[in-house]
file protein29.csv (CSV, C-alpha atoms)
chain,number,residue,atom,x,y,z
R,72,MET,CA,-1.9,1.5,24.4
R,73,ALA,CA,-3.0,1.0,20.8
R,74,ARG,CA,-0.3,0.9,18.2
R,75,VAL,CA,-0.3,3.7,15.7
R,76,ALA,CA,-0.8,2.5,12.1
R,77,VAL,CA,-0.2,4.7,9.1
R,78,VAL,CA,-1.8,3.8,5.7
R,79,THR,CA,-0.7,5.9,2.8
R,80,GLY,CA,-3.5,6.5,0.3
R,81,GLY,CA,-5.7,5.4,3.1
R,82,THR,CA,-8.9,7.3,2.6
R,83,ARG,CA,-10.2,5.7,-0.7
R,84,GLY,CA,-10.5,2.3,-2.4
R,85,ILE,CA,-8.2,-0.4,-1.1
R,86,GLY,CA,-6.6,2.0,1.3
R,87,ALA,CA,-9.8,2.9,3.0
R,88,ALA,CA,-10.7,-0.7,3.5
R,89,ILE,CA,-7.3,-1.3,5.0
R,90,SER,CA,-7.7,1.7,7.4
R,91,ARG,CA,-11.1,0.4,8.5
R,92,GLU,CA,-9.8,-3.1,9.1
R,93,LEU,CA,-6.8,-1.9,11.1
R,94,GLN,CA,-9.2,0.2,13.2
R,95,ARG,CA,-11.2,-2.9,13.9
R,96,GLN,CA,-8.0,-4.7,14.8
R,97,GLY,CA,-7.5,-2.1,17.6
R,98,ARG,CA,-4.9,0.1,16.0
R,99,THR,CA,-5.0,3.9,16.1
R,100,VAL,CA,-5.1,4.6,12.4
R,101,VAL,CA,-3.8,7.6,10.4
R,102,ALA,CA,-4.9,7.6,6.8
R,103,THR,CA,-2.9,9.8,4.4
R,104,TYR,CA,-4.1,11.3,1.2
R,105,ALA,CA,-2.6,13.5,-1.5
R,106,GLY,CA,-5.3,15.7,-3.0
R,107,ASN,CA,-9.0,14.8,-2.6
R,108,ALA,CA,-9.8,16.7,0.6
R,109,ALA,CA,-13.6,16.3,0.3
R,110,ALA,CA,-13.3,12.5,0.2
R,111,ALA,CA,-10.8,12.5,3.1
R,112,GLU,CA,-13.1,14.7,5.3
R,113,ALA,CA,-16.0,12.5,4.5
R,114,PHE,CA,-14.0,9.4,5.4
R,115,LYS,CA,-12.9,11.0,8.6
R,116,SER,CA,-16.4,12.0,9.6
R,117,GLU,CA,-17.7,8.4,8.8
R,118,THR,CA,-15.0,6.5,10.6
R,119,GLY,CA,-13.3,8.8,13.1
R,120,ILE,CA,-9.9,7.9,11.6
R,121,HIS,CA,-7.3,10.6,11.6
R,122,VAL,CA,-6.4,11.9,8.1
R,123,VAL,CA,-3.3,13.8,7.1
R,124,GLN,CA,-2.6,15.4,3.7
R,125,PHE,CA,0.9,15.2,2.1
R,126,ASP,CA,2.6,14.0,-1.0
R,127,ALA,CA,4.1,10.6,-0.2
R,128,SER,CA,6.6,11.0,-3.1
R,129,ASP,CA,8.1,14.1,-1.5
R,130,PHE,CA,10.6,13.2,1.2
R,131,ALA,CA,10.5,16.5,3.0
R,132,ALA,CA,6.7,16.4,3.1
R,133,CYS,CA,6.9,12.8,4.5
R,134,GLU,CA,9.4,13.9,7.1
R,135,LYS,CA,7.2,16.7,8.3
R,136,ALA,CA,4.1,14.5,8.4
R,137,VAL,CA,5.8,11.6,10.2
R,138,ALA,CA,7.2,14.0,12.8
R,139,GLY,CA,3.7,15.5,13.3
R,140,ILE,CA,2.1,12.1,13.7
R,141,ALA,CA,4.7,11.0,16.3
R,142,ALA,CA,4.3,14.2,18.3
R,143,GLU,CA,0.4,14.4,18.2
R,144,ILE,CA,-0.6,10.7,18.1
R,145,GLY,CA,2.4,8.5,18.8
R,146,PRO,CA,5.3,6.7,17.1
R,147,VAL,CA,4.5,4.8,14.0
R,148,GLU,CA,4.7,1.0,14.6
R,149,VAL,CA,2.6,-0.2,11.7
R,150,LEU,CA,3.1,1.1,8.2
R,151,VAL,CA,1.1,0.2,5.1
R,152,ASN,CA,2.6,1.6,1.9
R,153,ASN,CA,-0.5,1.8,-0.3
R,154,ALA,CA,-0.2,5.1,-2.1
R,155,GLY,CA,-0.1,4.6,-5.9
R,156,ILE,CA,-0.9,6.2,-9.2
R,157,THR,CA,-1.0,5.1,-12.9
R,158,ARG,CA,0.2,6.9,-16.0
R,159,ASP,CA,-0.4,4.2,-18.6
R,160,GLY,CA,0.9,4.1,-22.1
R,161,THR,CA,3.2,2.0,-24.3
R,162,LEU,CA,6.9,2.8,-24.0
R,163,ALA,CA,6.7,4.5,-27.4
R,164,ARG,CA,4.1,6.9,-26.0
R,165,MET,CA,5.4,7.2,-22.4
R,166,SER,CA,7.1,10.4,-21.5
R,167,ARG,CA,9.9,10.7,-18.9
R,168,ASP,CA,7.4,12.6,-16.7
R,169,MET,CA,4.9,9.7,-16.8
R,170,TRP,CA,7.8,7.4,-15.8
R,171,ASP,CA,9.0,9.6,-13.0
R,172,ALA,CA,5.6,10.2,-11.5
R,173,VAL,CA,4.8,6.5,-11.2
R,174,ILE,CA,8.2,5.5,-9.9
R,175,ASP,CA,8.4,8.4,-7.4
R,176,THR,CA,4.8,7.9,-6.1
R,177,ASN,CA,4.6,4.1,-6.0
R,178,LEU,CA,8.2,3.1,-5.2
R,179,GLY,CA,9.8,6.2,-3.9
R,180,SER,CA,7.1,6.6,-1.3
R,181,CYS,CA,8.1,3.2,0.1
R,182,TYR,CA,11.6,4.4,0.7
R,183,ASN,CA,10.4,7.7,2.1
R,184,MET,CA,8.0,6.3,4.7
R,185,CYS,CA,10.2,3.3,5.7
R,186,LYS,CA,13.3,5.5,6.0
R,187,LEU,CA,11.4,7.8,8.4
R,188,THR,CA,9.8,5.1,10.6
R,189,PHE,CA,12.3,2.3,10.5
R,190,GLU,CA,14.6,3.7,13.2
R,191,GLY,CA,11.8,4.2,15.6
R,192,MET,CA,10.6,0.6,15.0
R,193,ARG,CA,14.2,-0.7,15.7
R,194,ALA,CA,14.3,1.2,18.9
R,195,ALA,CA,11.0,-0.2,20.0
R,196,LYS,CA,11.9,-3.7,18.9
R,197,PHE,CA,8.6,-3.9,17.1
R,198,GLY,CA,7.4,-3.0,13.6
R,199,ARG,CA,5.0,-4.2,10.9
R,200,ILE,CA,5.4,-3.0,7.4
R,201,VAL,CA,3.2,-4.1,4.5
R,202,ASN,CA,3.9,-2.8,0.9
R,203,ILE,CA,0.9,-3.0,-1.5
R,204,GLY,CA,2.4,-4.3,-4.8
R,205,SER,CA,0.4,-5.7,-7.7
R,206,ILE,CA,-0.2,-8.7,-9.9
R,207,ASN,CA,1.1,-6.5,-12.7
R,208,GLY,CA,4.4,-6.2,-10.8
R,209,GLN,CA,4.6,-10.0,-10.9
R,210,ALA,CA,3.3,-10.8,-14.3
R,211,GLY,CA,3.8,-7.6,-16.2
R,212,GLN,CA,1.1,-5.8,-18.1
R,213,TYR,CA,1.0,-4.3,-21.6
R,214,GLY,CA,1.1,-0.5,-21.5
R,215,GLN,CA,2.4,-0.4,-17.9
R,216,VAL,CA,6.2,-0.6,-18.0
R,217,ASN,CA,6.4,2.2,-15.4
R,218,TYR,CA,3.7,0.7,-13.1
R,219,ALA,CA,5.0,-2.8,-13.4
R,220,ALA,CA,8.6,-1.7,-12.7
R,221,ALA,CA,7.5,0.3,-9.6
R,222,LYS,CA,5.4,-2.6,-8.2
R,223,SER,CA,8.1,-5.2,-9.0
R,224,GLY,CA,10.6,-2.9,-7.3
R,225,MET,CA,8.4,-2.9,-4.2
R,226,HIS,CA,8.5,-6.7,-4.0
R,227,GLY,CA,12.3,-6.6,-4.1
R,228,PHE,CA,12.5,-3.8,-1.6
R,229,THR,CA,10.3,-5.9,0.7
R,230,LYS,CA,12.6,-8.9,0.6
R,231,ALA,CA,15.8,-6.8,1.2
R,232,LEU,CA,14.3,-4.7,4.1
R,233,ALA,CA,12.9,-7.8,5.7
R,234,GLN,CA,16.4,-9.0,6.2
R,235,GLU,CA,17.4,-5.8,7.9
R,236,GLY,CA,14.5,-5.7,10.2
R,237,ALA,CA,14.2,-9.4,11.3
R,238,ARG,CA,16.6,-9.2,14.3
R,239,PHE,CA,14.8,-6.1,15.6
R,240,GLY,CA,11.3,-7.6,15.7
R,241,ILE,CA,10.3,-5.8,12.5
R,242,THR,CA,8.5,-7.8,9.8
R,243,VAL,CA,8.3,-6.5,6.2
R,244,ASN,CA,5.9,-8.2,3.8
R,245,ALA,CA,4.0,-7.4,0.6
R,246,ILE,CA,0.6,-8.0,-0.8
R,247,ALA,CA,0.1,-8.3,-4.6
R,248,PRO,CA,-3.6,-7.7,-5.3
R,249,GLY,CA,-5.2,-8.8,-8.5
R,250,TYR,CA,-7.9,-6.8,-10.1
R,251,VAL,CA,-10.1,-5.3,-7.4
R,252,ASP,CA,-13.5,-3.6,-7.7
R,253,THR,CA,-12.3,0.0,-7.2
R,254,ASP,CA,-12.9,3.3,-9.0
R,255,MET,CA,-9.7,2.7,-11.1
R,256,VAL,CA,-10.9,-0.7,-12.3
R,257,ARG,CA,-14.5,0.4,-12.8
R,258,ALA,CA,-13.1,3.0,-15.3
R,259,VAL,CA,-12.0,0.2,-17.6
R,260,PRO,CA,-14.3,-0.3,-20.6
R,261,ALA,CA,-17.0,-3.0,-20.0
R,262,ASP,CA,-15.8,-5.3,-22.8
R,263,VAL,CA,-12.2,-5.2,-21.5
R,264,LEU,CA,-13.4,-5.7,-17.9
R,265,GLN,CA,-15.3,-8.9,-19.0
R,266,LYS,CA,-12.1,-10.2,-20.6
R,267,ILE,CA,-10.2,-9.6,-17.4
R,268,ILE,CA,-12.8,-11.4,-15.3
R,269,ALA,CA,-12.8,-14.3,-17.7
R,270,ARG,CA,-9.1,-14.9,-16.8
R,271,ILE,CA,-9.8,-15.0,-13.1
R,272,PRO,CA,-10.5,-18.6,-12.0
R,273,MET,CA,-12.7,-17.4,-9.1
R,274,GLY,CA,-14.9,-15.7,-11.7
R,275,ARG,CA,-15.1,-12.3,-10.1
R,276,LEU,CA,-13.1,-9.1,-9.3
R,277,GLY,CA,-11.6,-8.9,-5.8
R,278,HIS,CA,-13.1,-6.7,-3.1
R,279,ALA,CA,-11.0,-4.1,-1.2
R,280,GLU,CA,-11.9,-6.0,2.0
R,281,ASP,CA,-10.1,-9.1,0.6
R,282,ILE,CA,-6.9,-7.1,0.6
R,283,ALA,CA,-7.6,-5.5,3.9
R,284,ARG,CA,-7.9,-8.9,5.6
R,285,GLY,CA,-4.5,-9.9,4.3
R,286,VAL,CA,-3.0,-6.7,5.7
R,287,ALA,CA,-4.7,-7.4,9.1
R,288,PHE,CA,-3.1,-10.8,9.2
R,289,LEU,CA,0.4,-9.6,8.3
R,290,THR,CA,0.3,-6.7,10.7
R,291,ALA,CA,-1.0,-8.6,13.7
R,292,ASP,CA,1.3,-8.7,16.7
R,293,GLU,CA,1.3,-12.5,16.5
R,294,ALA,CA,2.5,-12.5,12.9
R,295,ASP,CA,6.1,-12.3,14.0
R,296,PHE,CA,7.4,-15.3,12.0
R,297,VAL,CA,6.1,-14.1,8.6
R,298,THR,CA,8.6,-11.7,6.9
R,299,GLY,CA,10.0,-11.2,3.4
R,300,SER,CA,6.8,-12.8,1.9
R,301,THR,CA,4.5,-11.6,-0.8
R,302,LEU,CA,0.9,-12.7,-0.3
R,303,SER,CA,-0.9,-12.9,-3.7
R,304,ILE,CA,-4.6,-12.1,-3.4
R,305,ASN,CA,-5.8,-12.4,-7.0
R,306,GLY,CA,-8.5,-15.1,-7.3
R,307,GLY,CA,-6.0,-17.5,-8.9
R,308,GLN,CA,-5.3,-15.3,-11.9
R,309,HIS,CA,-1.6,-15.5,-11.5
R,310,MET,CA,0.1,-18.5,-9.8
R,311,TYR,CA,3.8,-19.2,-9.5

call {"tool": "encode", "arguments": {"input": "protein29.csv", "output": "structure tokens"}}
result
Amino acid sequence: MARVAVVTGGTRGIGAAISRELQRQGRTVVATYAGNAAAAEAFKSETGIHVVQFDASDFAACEKAVAGIAAEIGPVEVLVNNAGITRDGTLARMSRDMWDAVIDTNLGSCYNMCKLTFEGMRAAKFGRIVNIGSINGQAGQYGQVNYAAAKSGMHGFTKALAQEGARFGITVNAIAPGYVDTDMVRAVPADVLQKIIARIPMGRLGHAEDIARGVAFLTADEADFVTGSTLSINGGQHMY
């Protein structure tokens, strides 16, 4: 029976590529989304992938959604925490609401979804969790103290939870994408984008499929000796 994989923020951009790749890997995929119902329905029609709407930053909403997925489709054995937002601004201009929104959505959702699926994975003696961090959580970025803090927190969360899951057959890893050719990056002014690309040794932006292939590797049944790791997929922009 195909393992059930949940991808938060899984109907657009990097998340959509991950959902498609896991479907090709033979998983029964559930892609979650927060608000863009039209895009989600179009994605469902195109791929046949299940879509579920809820706010990943809301624990009660996550609890209801995970219970519904388990009842209707099956227990979650593969989890990709990809949901994320930006509310950029220098600290001087950043409101507490901007801080809270990014921390709750990007980092809080990791706690919510892992908390609600981890026990089932322990009972099954199998689990694959991948948290989608960021190059900016590793290197920092001007005007993104909230985003960098949340993504850096995801990397620490990954290492700690990996230690809890190892003896139960649960692997917990992270991927830190560099700049990927998504709607969010395309919104950057052209002159700024050219400066970003100039700092990437490979000479191009990443593709969503580059990240998806990394997720497919880390979530494979055979990837049982890789845990607590962060896979940097950034074209060589940040090495350490």

call {"tool": "residues_around", "arguments": {"input": "protein29.csv", "residues": "R:Ala233", "least_positions_apart": "6", "cutoff": "7 Å", "atoms": "all atoms listed in the file", "output": "list of chain:residue names"}}
result
R:Thr242, R:Val243, R:Thr298, R:Gly299

call {"tool": "write_last_selection", "arguments": {"input": "protein29.csv", "atoms": "C-alpha atoms", "output": "compact mmCIF listing (two decimals), in the frame of the given file"}}
result
# COMPACT_ATOMS: atom_id res chain seq x y z
CA THR R 242 8.50 -7.80 9.80
CA VAL R 243 8.30 -6.50 6.20
CA THR R 298 8.60 -11.70 6.90
CA GLY R 299 10.00 -11.20 3.40

call {"tool": "closest_residue", "arguments": {"input": "protein29.csv", "among": "R:Phe189, R:Val147, R:Ala88, R:Asn153", "to": "R:Tyr104", "atoms": "all atoms listed in the file"}}
result
R:Asn153

call {"tool": "closest_residue", "arguments": {"input": "protein29.csv", "among": "R:Val216, R:Phe197, R:Ala111, R:Gln96", "to": "R:Ala163", "atoms": "all atoms listed in the file"}}
result
R:Val216

call {"tool": "residues_near_point", "arguments": {"input": "protein29.csv", "point": "(3.4, 3.6, 7.4)", "cutoff": "8 Å", "atoms": "all atoms listed in the file", "output": "number ranges by chain"}}
result
R: 76-79, 147-152, 184-185, 188, 200

call {"tool": "write_last_selection", "arguments": {"input": "protein29.csv", "atoms": "C-alpha atoms", "output": "PDB file, keeping the file's coordinate frame"}}
result
ATOM      1  CA  ALA R  76      -0.800   2.500  12.100  1.00  0.00           C
ATOM      2  CA  VAL R  77      -0.200   4.700   9.100  1.00  0.00           C
ATOM      3  CA  VAL R  78      -1.800   3.800   5.700  1.00  0.00           C
ATOM      4  CA  THR R  79      -0.700   5.900   2.800  1.00  0.00           C
ATOM      5  CA  VAL R 147       4.500   4.800  14.000  1.00  0.00           C
ATOM      6  CA  GLU R 148       4.700   1.000  14.600  1.00  0.00           C
ATOM      7  CA  VAL R 149       2.600  -0.200  11.700  1.00  0.00           C
ATOM      8  CA  LEU R 150       3.100   1.100   8.200  1.00  0.00           C
ATOM      9  CA  VAL R 151       1.100   0.200   5.100  1.00  0.00           C
ATOM     10  CA  ASN R 152       2.600   1.600   1.900  1.00  0.00           C
ATOM     11  CA  MET R 184       8.000   6.300   4.700  1.00  0.00           C
ATOM     12  CA  CYS R 185      10.200   3.300   5.700  1.00  0.00           C
ATOM     13  CA  THR R 188       9.800   5.100  10.600  1.00  0.00           C
ATOM     14  CA  ILE R 200       5.400  -3.000   7.400  1.00  0.00           C
TER      15      ILE R 200
END

call {"tool": "closest_residue", "arguments": {"input": "protein29.csv", "among": "R:Gly191, R:Thr157, R:Asn183, R:Asp126", "to": "R:Ala141", "atoms": "only C-alpha atoms"}}
result
R:Gly191

call {"tool": "closest_residue", "arguments": {"input": "protein29.csv", "among": "R:Val122, R:Ala108, R:Ala195, R:Ile140", "to": "R:Ile241", "atoms": "all atoms listed in the file"}}
result
R:Ala195

call {"tool": "closest_residue", "arguments": {"input": "protein29.csv", "among": "R:Phe239, R:Tyr213, R:Phe228, R:Tyr182", "to": "R:Asp295", "atoms": "only C-alpha atoms"}}
result
R:Phe239

call {"tool": "closest_residue", "arguments": {"input": "protein29.csv", "among": "R:Ala194, R:Ile174, R:Ile89, R:Ala105", "to": "R:Gly285", "atoms": "all atoms listed in the file"}}
result
R:Ile89

call {"tool": "residues_around", "arguments": {"input": "protein29.csv", "residues": "R:Gln308", "least_positions_apart": "2", "cutoff": "7 Å", "atoms": "all atoms listed in the file", "output": "VMD selection string"}}
result
chain R and resid 270 to 272 305 to 306 310

call {"tool": "residues_around", "arguments": {"input": "protein29.csv", "residues": "R:Asn177", "least_positions_apart": "4", "cutoff": "7 Å", "atoms": "all atoms listed in the file", "output": "PyMOL selection string"}}
result
chain R and resi 154-156+173+221

call {"tool": "decode", "arguments": {"input": "protein29.csv", "residues": "stretch 242-285 of chain R", "atoms": "N, CA and C atoms", "output": "PDB file, in the first residue's frame"}}
result
ATOM      1  N   THR R 242      13.362   9.285  10.185  1.00  0.00           N
ATOM      2  CA  THR R 242      14.442  10.205   9.827  1.00  0.00           C
ATOM      3  C   THR R 242      13.866  11.617   9.717  1.00  0.00           C
ATOM      4  N   VAL R 243      14.665  12.589  10.148  1.00  0.00           N
ATOM      5  CA  VAL R 243      14.263  14.000  10.102  1.00  0.00           C
ATOM      6  C   VAL R 243      15.417  14.775   9.497  1.00  0.00           C
ATOM      7  N   ASN R 244      15.169  15.358   8.343  1.00  0.00           N
ATOM      8  CA  ASN R 244      16.210  16.106   7.638  1.00  0.00           C
ATOM      9  C   ASN R 244      15.657  17.442   7.168  1.00  0.00           C
ATOM     10  N   ALA R 245      16.552  18.293   6.700  1.00  0.00           N
ATOM     11  CA  ALA R 245      16.152  19.597   6.162  1.00  0.00           C
ATOM     12  C   ALA R 245      16.797  19.816   4.802  1.00  0.00           C
ATOM     13  N   ILE R 246      16.159  20.648   4.028  1.00  0.00           N
ATOM     14  CA  ILE R 246      16.751  21.141   2.789  1.00  0.00           C
ATOM     15  C   ILE R 246      16.787  22.659   2.882  1.00  0.00           C
ATOM     16  N   ALA R 247      17.921  23.225   2.517  1.00  0.00           N
ATOM     17  CA  ALA R 247      18.075  24.678   2.505  1.00  0.00           C
ATOM     18  C   ALA R 247      18.206  25.136   1.056  1.00  0.00           C
ATOM     19  N   PRO R 248      17.092  25.510   0.422  1.00  0.00           N
ATOM     20  CA  PRO R 248      17.182  25.984  -0.960  1.00  0.00           C
ATOM     21  C   PRO R 248      17.861  27.343  -1.033  1.00  0.00           C
ATOM     22  N   GLY R 249      18.551  27.562  -2.147  1.00  0.00           N
ATOM     23  CA  GLY R 249      19.000  28.902  -2.466  1.00  0.00           C
ATOM     24  C   GLY R 249      17.880  29.638  -3.178  1.00  0.00           C
ATOM     25  N   TYR R 250      18.230  30.557  -4.056  1.00  0.00           N
ATOM     26  CA  TYR R 250      17.217  31.325  -4.782  1.00  0.00           C
ATOM     27  C   TYR R 250      16.665  30.485  -5.932  1.00  0.00           C
ATOM     28  N   VAL R 251      15.364  30.256  -5.874  1.00  0.00           N
ATOM     29  CA  VAL R 251      14.688  29.373  -6.824  1.00  0.00           C
ATOM     30  C   VAL R 251      13.724  30.193  -7.667  1.00  0.00           C
ATOM     31  N   ASP R 252      13.603  29.818  -8.914  1.00  0.00           N
ATOM     32  CA  ASP R 252      12.769  30.555  -9.875  1.00  0.00           C
ATOM     33  C   ASP R 252      11.277  30.310  -9.601  1.00  0.00           C
ATOM     34  N   THR R 253      10.762  30.987  -8.565  1.00  0.00           N
ATOM     35  CA  THR R 253       9.346  30.898  -8.199  1.00  0.00           C
ATOM     36  C   THR R 253       8.716  32.283  -8.313  1.00  0.00           C
ATOM     37  N   ASP R 254       7.416  32.352  -8.097  1.00  0.00           N
ATOM     38  CA  ASP R 254       6.705  33.636  -8.165  1.00  0.00           C
ATOM     39  C   ASP R 254       7.311  34.649  -7.198  1.00  0.00           C
ATOM     40  N   MET R 255       7.697  34.170  -6.007  1.00  0.00           N
ATOM     41  CA  MET R 255       8.257  35.063  -4.993  1.00  0.00           C
ATOM     42  C   MET R 255       9.549  35.708  -5.485  1.00  0.00           C
ATOM     43  N   VAL R 256      10.409  34.913  -6.106  1.00  0.00           N
ATOM     44  CA  VAL R 256      11.691  35.436  -6.591  1.00  0.00           C
ATOM     45  C   VAL R 256      11.482  36.283  -7.850  1.00  0.00           C
ATOM     46  N   ARG R 257      10.534  35.886  -8.697  1.00  0.00           N
ATOM     47  CA  ARG R 257      10.277  36.659  -9.917  1.00  0.00           C
ATOM     48  C   ARG R 257       9.781  38.069  -9.604  1.00  0.00           C
ATOM     49  N   ALA R 258       9.250  38.268  -8.382  1.00  0.00           N
ATOM     50  CA  ALA R 258       8.755  39.585  -7.988  1.00  0.00           C
ATOM     51  C   ALA R 258       9.882  40.540  -7.615  1.00  0.00           C
ATOM     52  N   VAL R 259      11.097  40.021  -7.481  1.00  0.00           N
ATOM     53  CA  VAL R 259      12.250  40.861  -7.151  1.00  0.00           C
ATOM     54  C   VAL R 259      12.593  41.729  -8.361  1.00  0.00           C
ATOM     55  N   PRO R 260      12.897  43.014  -8.165  1.00  0.00           N
ATOM     56  CA  PRO R 260      13.273  43.875  -9.292  1.00  0.00           C
ATOM     57  C   PRO R 260      14.399  43.271 -10.125  1.00  0.00           C
ATOM     58  N   ALA R 261      14.344  43.480 -11.429  1.00  0.00           N
ATOM     59  CA  ALA R 261      15.272  42.828 -12.361  1.00  0.00           C
ATOM     60  C   ALA R 261      16.735  43.115 -12.027  1.00  0.00           C
ATOM     61  N   ASP R 262      17.040  44.355 -11.653  1.00  0.00           N
ATOM     62  CA  ASP R 262      18.437  44.694 -11.368  1.00  0.00           C
ATOM     63  C   ASP R 262      18.930  43.978 -10.111  1.00  0.00           C
ATOM     64  N   VAL R 263      18.042  43.832  -9.129  1.00  0.00           N
ATOM     65  CA  VAL R 263      18.412  43.117  -7.905  1.00  0.00           C
ATOM     66  C   VAL R 263      18.588  41.631  -8.207  1.00  0.00           C
ATOM     67  N   LEU R 264      17.709  41.097  -9.049  1.00  0.00           N
ATOM     68  CA  LEU R 264      17.778  39.678  -9.405  1.00  0.00           C
ATOM     69  C   LEU R 264      19.090  39.349 -10.117  1.00  0.00           C
ATOM     70  N   GLN R 265      19.528  40.245 -10.992  1.00  0.00           N
ATOM     71  CA  GLN R 265      20.792  40.021 -11.689  1.00  0.00           C
ATOM     72  C   GLN R 265      21.973  39.999 -10.730  1.00  0.00           C
ATOM     73  N   LYS R 266      21.911  40.823  -9.690  1.00  0.00           N
ATOM     74  CA  LYS R 266      22.975  40.822  -8.680  1.00  0.00           C
ATOM     75  C   LYS R 266      22.979  39.515  -7.897  1.00  0.00           C
ATOM     76  N   ILE R 267      21.780  38.986  -7.629  1.00  0.00           N
ATOM     77  CA  ILE R 267      21.674  37.707  -6.923  1.00  0.00           C
ATOM     78  C   ILE R 267      22.286  36.589  -7.761  1.00  0.00           C
ATOM     79  N   ILE R 268      21.905  36.547  -9.039  1.00  0.00           N
ATOM     80  CA  ILE R 268      22.412  35.496  -9.934  1.00  0.00           C
ATOM     81  C   ILE R 268      23.924  35.594 -10.079  1.00  0.00           C
ATOM     82  N   ALA R 269      24.442  36.800 -10.060  1.00  0.00           N
ATOM     83  CA  ALA R 269      25.895  36.995 -10.195  1.00  0.00           C
ATOM     84  C   ALA R 269      26.663  36.379  -9.022  1.00  0.00           C
ATOM     85  N   ARG R 270      25.988  36.200  -7.884  1.00  0.00           N
ATOM     86  CA  ARG R 270      26.641  35.610  -6.708  1.00  0.00           C
ATOM     87  C   ARG R 270      26.502  34.083  -6.658  1.00  0.00           C
ATOM     88  N   ILE R 271      25.824  33.498  -7.641  1.00  0.00           N
ATOM     89  CA  ILE R 271      25.626  32.048  -7.669  1.00  0.00           C
ATOM     90  C   ILE R 271      26.636  31.426  -8.626  1.00  0.00           C
ATOM     91  N   PRO R 272      27.583  30.632  -8.131  1.00  0.00           N
ATOM     92  CA  PRO R 272      28.617  30.068  -9.011  1.00  0.00           C
ATOM     93  C   PRO R 272      28.070  29.320 -10.218  1.00  0.00           C
ATOM     94  N   MET R 273      26.918  28.648 -10.069  1.00  0.00           N
ATOM     95  CA  MET R 273      26.349  27.916 -11.195  1.00  0.00           C
ATOM     96  C   MET R 273      25.740  28.846 -12.244  1.00  0.00           C
ATOM     97  N   GLY R 274      25.602  30.123 -11.920  1.00  0.00           N
ATOM     98  CA  GLY R 274      25.179  31.109 -12.902  1.00  0.00           C
ATOM     99  C   GLY R 274      23.702  31.109 -13.244  1.00  0.00           C
ATOM    100  N   ARG R 275      22.881  30.539 -12.391  1.00  0.00           N
ATOM    101  CA  ARG R 275      21.441  30.547 -12.644  1.00  0.00           C
ATOM    102  C   ARG R 275      20.680  30.418 -11.337  1.00  0.00           C
ATOM    103  N   LEU R 276      19.389  30.729 -11.389  1.00  0.00           N
ATOM    104  CA  LEU R 276      18.505  30.427 -10.276  1.00  0.00           C
ATOM    105  C   LEU R 276      18.252  28.923 -10.236  1.00  0.00           C
ATOM    106  N   GLY R 277      17.862  28.436  -9.064  1.00  0.00           N
ATOM    107  CA  GLY R 277      17.451  27.050  -8.974  1.00  0.00           C
ATOM    108  C   GLY R 277      16.078  26.859  -9.577  1.00  0.00           C
ATOM    109  N   HIS R 278      15.747  25.612  -9.856  1.00  0.00           N
ATOM    110  CA  HIS R 278      14.399  25.252 -10.296  1.00  0.00           C
ATOM    111  C   HIS R 278      13.717  24.504  -9.160  1.00  0.00           C
ATOM    112  N   ALA R 279      12.405  24.618  -9.106  1.00  0.00           N
ATOM    113  CA  ALA R 279      11.660  23.927  -8.051  1.00  0.00           C
ATOM    114  C   ALA R 279      11.937  22.432  -8.083  1.00  0.00           C
ATOM    115  N   GLU R 280      12.141  21.909  -9.277  1.00  0.00           N
ATOM    116  CA  GLU R 280      12.409  20.470  -9.422  1.00  0.00           C
ATOM    117  C   GLU R 280      13.739  20.064  -8.780  1.00  0.00           C
ATOM    118  N   ASP R 281      14.698  20.998  -8.702  1.00  0.00           N
ATOM    119  CA  ASP R 281      15.964  20.701  -8.034  1.00  0.00           C
ATOM    120  C   ASP R 281      15.713  20.370  -6.561  1.00  0.00           C
ATOM    121  N   ILE R 282      14.832  21.136  -5.942  1.00  0.00           N
ATOM    122  CA  ILE R 282      14.506  20.917  -4.535  1.00  0.00           C
ATOM    123  C   ILE R 282      13.703  19.632  -4.380  1.00  0.00           C
ATOM    124  N   ALA R 283      12.772  19.415  -5.303  1.00  0.00           N
ATOM    125  CA  ALA R 283      11.914  18.239  -5.233  1.00  0.00           C
ATOM    126  C   ALA R 283      12.721  16.949  -5.300  1.00  0.00           C
ATOM    127  N   ARG R 284      13.760  16.939  -6.133  1.00  0.00           N
ATOM    128  CA  ARG R 284      14.583  15.733  -6.226  1.00  0.00           C
ATOM    129  C   ARG R 284      15.310  15.453  -4.905  1.00  0.00           C
ATOM    130  N   GLY R 285      15.703  16.514  -4.222  1.00  0.00           N
ATOM    131  CA  GLY R 285      16.320  16.335  -2.907  1.00  0.00           C
ATOM    132  C   GLY R 285      15.342  15.739  -1.904  1.00  0.00           C
TER     133      GLY R 285
END
